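The data block below is my_file24.cif; it holds mmCIF, C-alpha atoms.
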```cif
data_start
loop_
_atom_site.label_atom_id
_atom_site.label_comp_id
_atom_site.auth_asym_id
_atom_site.auth_seq_id
_atom_site.Cartn_x
_atom_site.Cartn_y
_atom_site.Cartn_z
CA MET T 1 23.73 75.69 77.85
CA ARG T 2 24.22 79.12 79.43
CA ARG T 3 25.01 77.57 82.84
CA ARG T 4 27.69 75.42 81.27
CA GLU T 5 29.42 78.47 79.70
CA VAL T 6 29.30 80.35 83.00
CA GLY T 7 30.78 77.31 84.79
CA ILE T 8 33.62 76.99 82.28
CA ALA T 9 34.37 80.73 82.50
CA ALA T 10 34.42 80.54 86.30
CA ALA T 11 36.79 77.55 86.21
CA ILE T 12 39.16 79.33 83.80
CA LEU T 13 39.08 82.50 85.89
CA GLY T 14 39.82 80.50 89.04
CA ALA T 15 42.78 78.77 87.37
CA VAL T 16 44.20 82.11 86.20
CA ILE T 17 43.90 83.58 89.70
CA ILE T 18 45.68 80.58 91.21
CA LEU T 19 48.51 80.78 88.63
CA VAL T 20 49.01 84.52 89.16
CA ALA T 21 49.04 84.10 92.93
CA ALA T 22 51.53 81.24 92.75
CA GLU T 23 53.79 83.20 90.41
CA SER T 24 53.84 86.30 92.59
CA CYS T 25 54.53 84.35 95.79
CA GLY T 26 57.27 82.01 94.67
CA SER T 27 59.44 83.82 92.19
CA SER T 28 60.40 87.15 93.68
CA THR T 29 64.08 87.95 93.17
CA ALA T 30 66.20 90.28 95.22
CA PRO T 31 67.53 93.33 93.40
CA ALA T 32 71.12 93.12 92.22
CA PRO T 33 73.61 94.62 94.69
CA LYS T 34 74.87 98.12 93.94
CA MET T 35 78.45 98.10 92.66
CA TYR T 36 81.07 100.85 92.93
CA VAL T 37 84.59 101.15 91.51
CA ALA T 38 87.70 103.32 91.76
CA ASN T 39 90.25 102.96 88.92
CA LEU T 40 93.45 103.96 90.70
CA SER T 41 96.09 105.94 88.81
CA PRO T 42 99.07 108.19 89.63
CA ALA T 43 97.54 110.85 87.35
CA ASN T 44 94.69 111.25 89.87
CA GLU T 45 96.98 112.05 92.81
CA VAL T 46 97.14 115.60 94.18
CA PRO T 47 99.74 116.51 93.15
CA GLN T 48 100.03 114.12 90.21
CA LYS T 49 102.67 111.35 90.37
CA THR T 50 104.73 109.81 87.54
CA THR T 51 104.85 106.17 88.61
CA THR T 52 103.72 103.12 86.64
CA GLY T 53 101.54 101.63 89.37
CA THR T 54 97.81 101.21 88.89
CA GLY T 55 94.97 99.50 90.68
CA VAL T 56 91.28 99.01 91.11
CA ALA T 57 89.12 99.04 94.21
CA THR T 58 85.71 97.43 93.88
CA PHE T 59 82.83 97.74 96.32
CA THR T 60 79.66 95.63 96.49
CA ASP T 61 76.81 97.04 98.59
CA LEU T 62 74.98 94.12 100.19
CA GLY T 63 72.75 96.25 102.39
CA SER T 64 74.07 95.45 105.87
CA GLU T 65 77.69 95.64 104.67
CA ILE T 66 79.80 96.84 101.77
CA ASP T 67 82.34 94.25 100.61
CA TRP T 68 85.52 95.52 98.97
CA THR T 69 88.56 94.22 97.08
CA LEU T 70 91.82 96.07 96.37
CA THR T 71 93.86 94.88 93.37
CA LEU T 72 97.18 96.53 92.45
CA THR T 73 99.56 96.28 89.50
CA ASN T 74 103.25 97.22 89.43
CA MET T 75 103.21 98.68 92.94
CA THR T 76 106.22 98.46 95.26
CA ALA T 77 106.48 98.99 99.02
CA VAL T 78 102.78 99.62 99.66
CA THR T 79 102.33 100.89 103.21
CA MET T 80 98.57 101.50 103.46
CA SER T 81 95.32 102.25 101.69
CA HIS T 82 92.30 104.25 102.84
CA ILE T 83 89.03 105.77 101.77
CA HIS T 84 89.16 109.57 102.11
CA GLY T 85 86.34 112.06 102.01
CA PRO T 86 84.27 114.01 101.56
CA ALA T 87 86.14 115.53 98.62
CA PRO T 88 85.54 116.07 94.92
CA ALA T 89 88.18 114.96 92.42
CA GLY T 90 91.35 117.02 92.62
CA THR T 91 91.13 117.84 96.31
CA ASN T 92 92.43 116.10 99.41
CA ALA T 93 90.44 115.04 102.47
CA SER T 94 90.85 113.15 105.73
CA VAL T 95 90.84 109.37 106.07
CA ILE T 96 87.36 108.03 106.83
CA ILE T 97 87.99 104.27 106.51
CA ASN T 98 91.18 102.19 106.60
CA LEU T 99 91.29 99.47 103.96
CA PHE T 100 94.80 98.01 104.04
CA LEU T 101 97.38 98.49 106.81
CA PRO T 102 100.15 95.90 106.48
CA ASN T 103 102.61 95.55 109.35
CA VAL T 104 105.52 95.85 106.92
CA ALA T 105 105.62 97.53 103.50
CA THR T 106 104.95 95.05 100.72
CA GLY T 107 107.39 93.99 98.03
CA THR T 108 106.28 94.41 94.42
CA VAL T 109 102.54 93.78 94.15
CA ASN T 110 100.64 92.45 91.14
CA GLY T 111 97.19 91.19 92.06
CA GLU T 112 94.70 91.28 94.92
CA VAL T 113 96.33 92.64 98.06
CA ALA T 114 93.37 92.89 100.39
CA HIS T 115 89.63 92.46 100.73
CA GLY T 116 87.13 92.93 103.50
CA SER T 117 83.73 94.19 104.58
CA ILE T 118 82.68 97.59 105.84
CA THR T 119 79.87 97.51 108.41
CA ASN T 120 78.41 100.09 110.78
CA ALA T 121 80.44 98.40 113.54
CA ASN T 122 83.88 98.63 111.86
CA ASN T 123 83.65 101.51 109.42
CA GLY T 124 85.57 104.20 111.25
CA ASN T 125 84.22 107.73 110.96
CA VAL T 126 81.13 107.41 108.76
CA SER T 127 77.89 105.40 108.70
CA LEU T 128 77.13 103.04 105.83
CA ASP T 129 74.31 105.33 104.70
CA SER T 130 76.68 108.33 104.64
CA LEU T 131 79.30 106.28 102.79
CA ARG T 132 76.71 105.34 100.15
CA VAL T 133 75.90 109.04 99.66
CA LEU T 134 79.60 109.83 99.22
CA PHE T 135 80.07 106.94 96.74
CA ASN T 136 76.96 107.85 94.72
CA ASN T 137 78.08 111.47 94.43
CA GLY T 138 81.79 110.87 93.71
CA MET T 139 82.78 112.53 96.99
CA ALA T 140 85.06 109.77 98.36
CA TYR T 141 88.32 108.45 96.97
CA VAL T 142 90.61 105.48 97.52
CA ASN T 143 94.28 106.34 98.05
CA VAL T 144 97.19 103.86 98.10
CA HIS T 145 100.36 104.98 99.88
CA THR T 146 103.93 103.68 99.41
CA THR T 147 107.30 104.33 101.03
CA ALA T 148 108.29 106.39 97.96
CA ASN T 149 105.03 108.38 97.94
CA GLN T 150 103.91 108.60 101.55
CA GLY T 151 101.08 111.03 100.78
CA GLY T 152 99.70 108.66 98.15
CA GLU T 153 100.88 107.10 94.89
CA ILE T 154 97.63 106.18 93.15
CA ARG T 155 94.02 107.18 93.72
CA ASP T 156 90.58 107.63 92.20
CA GLN T 157 87.10 108.75 93.16
CA VAL T 158 84.68 105.94 94.02
CA HIS T 159 81.66 105.98 91.70
CA PRO T 160 78.77 103.66 90.78
CA SER T 161 79.62 101.01 88.20
CA ASN T 162 76.08 99.69 87.59
#
```

Just dump the structure as C-alpha cells.
Amino acid sequence: MRRREVGIAAAILGAVIILVAAESCGSSTAPAPKMYVANLSPANEVPQKTTTGTGVATFTDLGSEIDWTLTLTNMTAVTMSHIHGPAPAGTNASVIINLFLPNVATGTVNGEVAHGSITNANNGNVSLDSLRVLFNNGMAYVNVHTTANQGGEIRDQVHPSN
C-alpha cells in the first residue's frame, strides 16, 4: 500500500512540474511600452501667448525607437515643431529634435498633423537613452511655431503618462 501512495505522489509531483514549466515557457508577455505626453498650450509659452490653439504630442517608447504623433486644434499657419531641451518648465532651450517641418506654412489645422519615429540614427542631437532621461524628468518640451508666433505659439513639457 505504501508503494502505491509514493507512486501516486510522484506522478502528481511530475504533472505539477510539467505544468509549471509549460506555463513559464509559453506565456511570457512583453512589458507595456512606456508612454509620454505633452499637452500643448499657449499658457506654457515663454513668454505666455493669448491664442486659442492647443495640441497634444504623444510618444511611445518601443525600445529601439520612440514613435510620436502631433495633433493640433485651432492652429493656423504652423511653420514647424521641435523637441527642445534640456530645460525645466518656464525656461527656453535649444532644439534637440525636429518633429514637423512643412515646406509651406499650414492653413488652419484641426487634427493629426504629423507622426514619425525617433531612432538613434535620425534623432538629431541626443541619444535615445538621453532623450528618455529628459522625458522622465520633465526636462524636454515640445514647441509648435507659427507665422504669427515665430518663437513658439504652444508648448508643454514632455512627461510620463503611464

Using all atoms listed in the file, which residues sit within 7 Å of range 131-138 of chain T once same-chain residues fewer than 6 positions away are excluded, as a ChimeraX atom specification? /T:86,88,157-160

One number please: CA of Met75 in chain T to CA of Ala89 in chain T, in Å, one decimal. 22.2 Å

Once the PyMOL selection byres ((chain T and resi 109) around 9) has been applied to the shown file, what residues remain in the selection, as a list of chain:residue names? T:Thr71, T:Leu72, T:Thr73, T:Asn74, T:Met75, T:Thr76, T:Ala77, T:Val78, T:Thr106, T:Gly107, T:Thr108, T:Asn110, T:Gly111, T:Glu112, T:Val113

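Picked out by the PyMOL selection byres ((chain T and resi 55) around 8) when it runs on this file: Asn39, Leu40, Ser41, Gly53, Thr54, Val56, Ala57, Leu70, Thr71, Leu72, Thr73 and Ile154 of chain T.
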
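Compared by their closest atoms to Thr147 in chain T, and using only C-alpha atoms, the residues T:Asn122, T:Thr69, T:Thr79, T:Thr60 rank with T:Thr79 nearest.
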
Explicit residues for the PyMOL selection byres ((chain T and resi 94) around 10) (as a PyMOL selection string): chain T and resi 82-87+92-93+95-97+140

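Between CA of Gly152 in chain T and CA of Phe59 in chain T lies a distance of 20.2 Å.
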
Nearest to Asn143 in chain T by atom-to-atom distance, counting only C-alpha atoms, from T:Ala43, T:Met80, T:Ala114, T:Leu128: T:Met80

Nearest residue to Gly90 in chain T from the set T:Tyr141, T:Asn162, T:Thr146, T:Met35 (distances using only C-alpha atoms):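 Result for the nearest residue to Gly90 in chain T: T:Tyr141.
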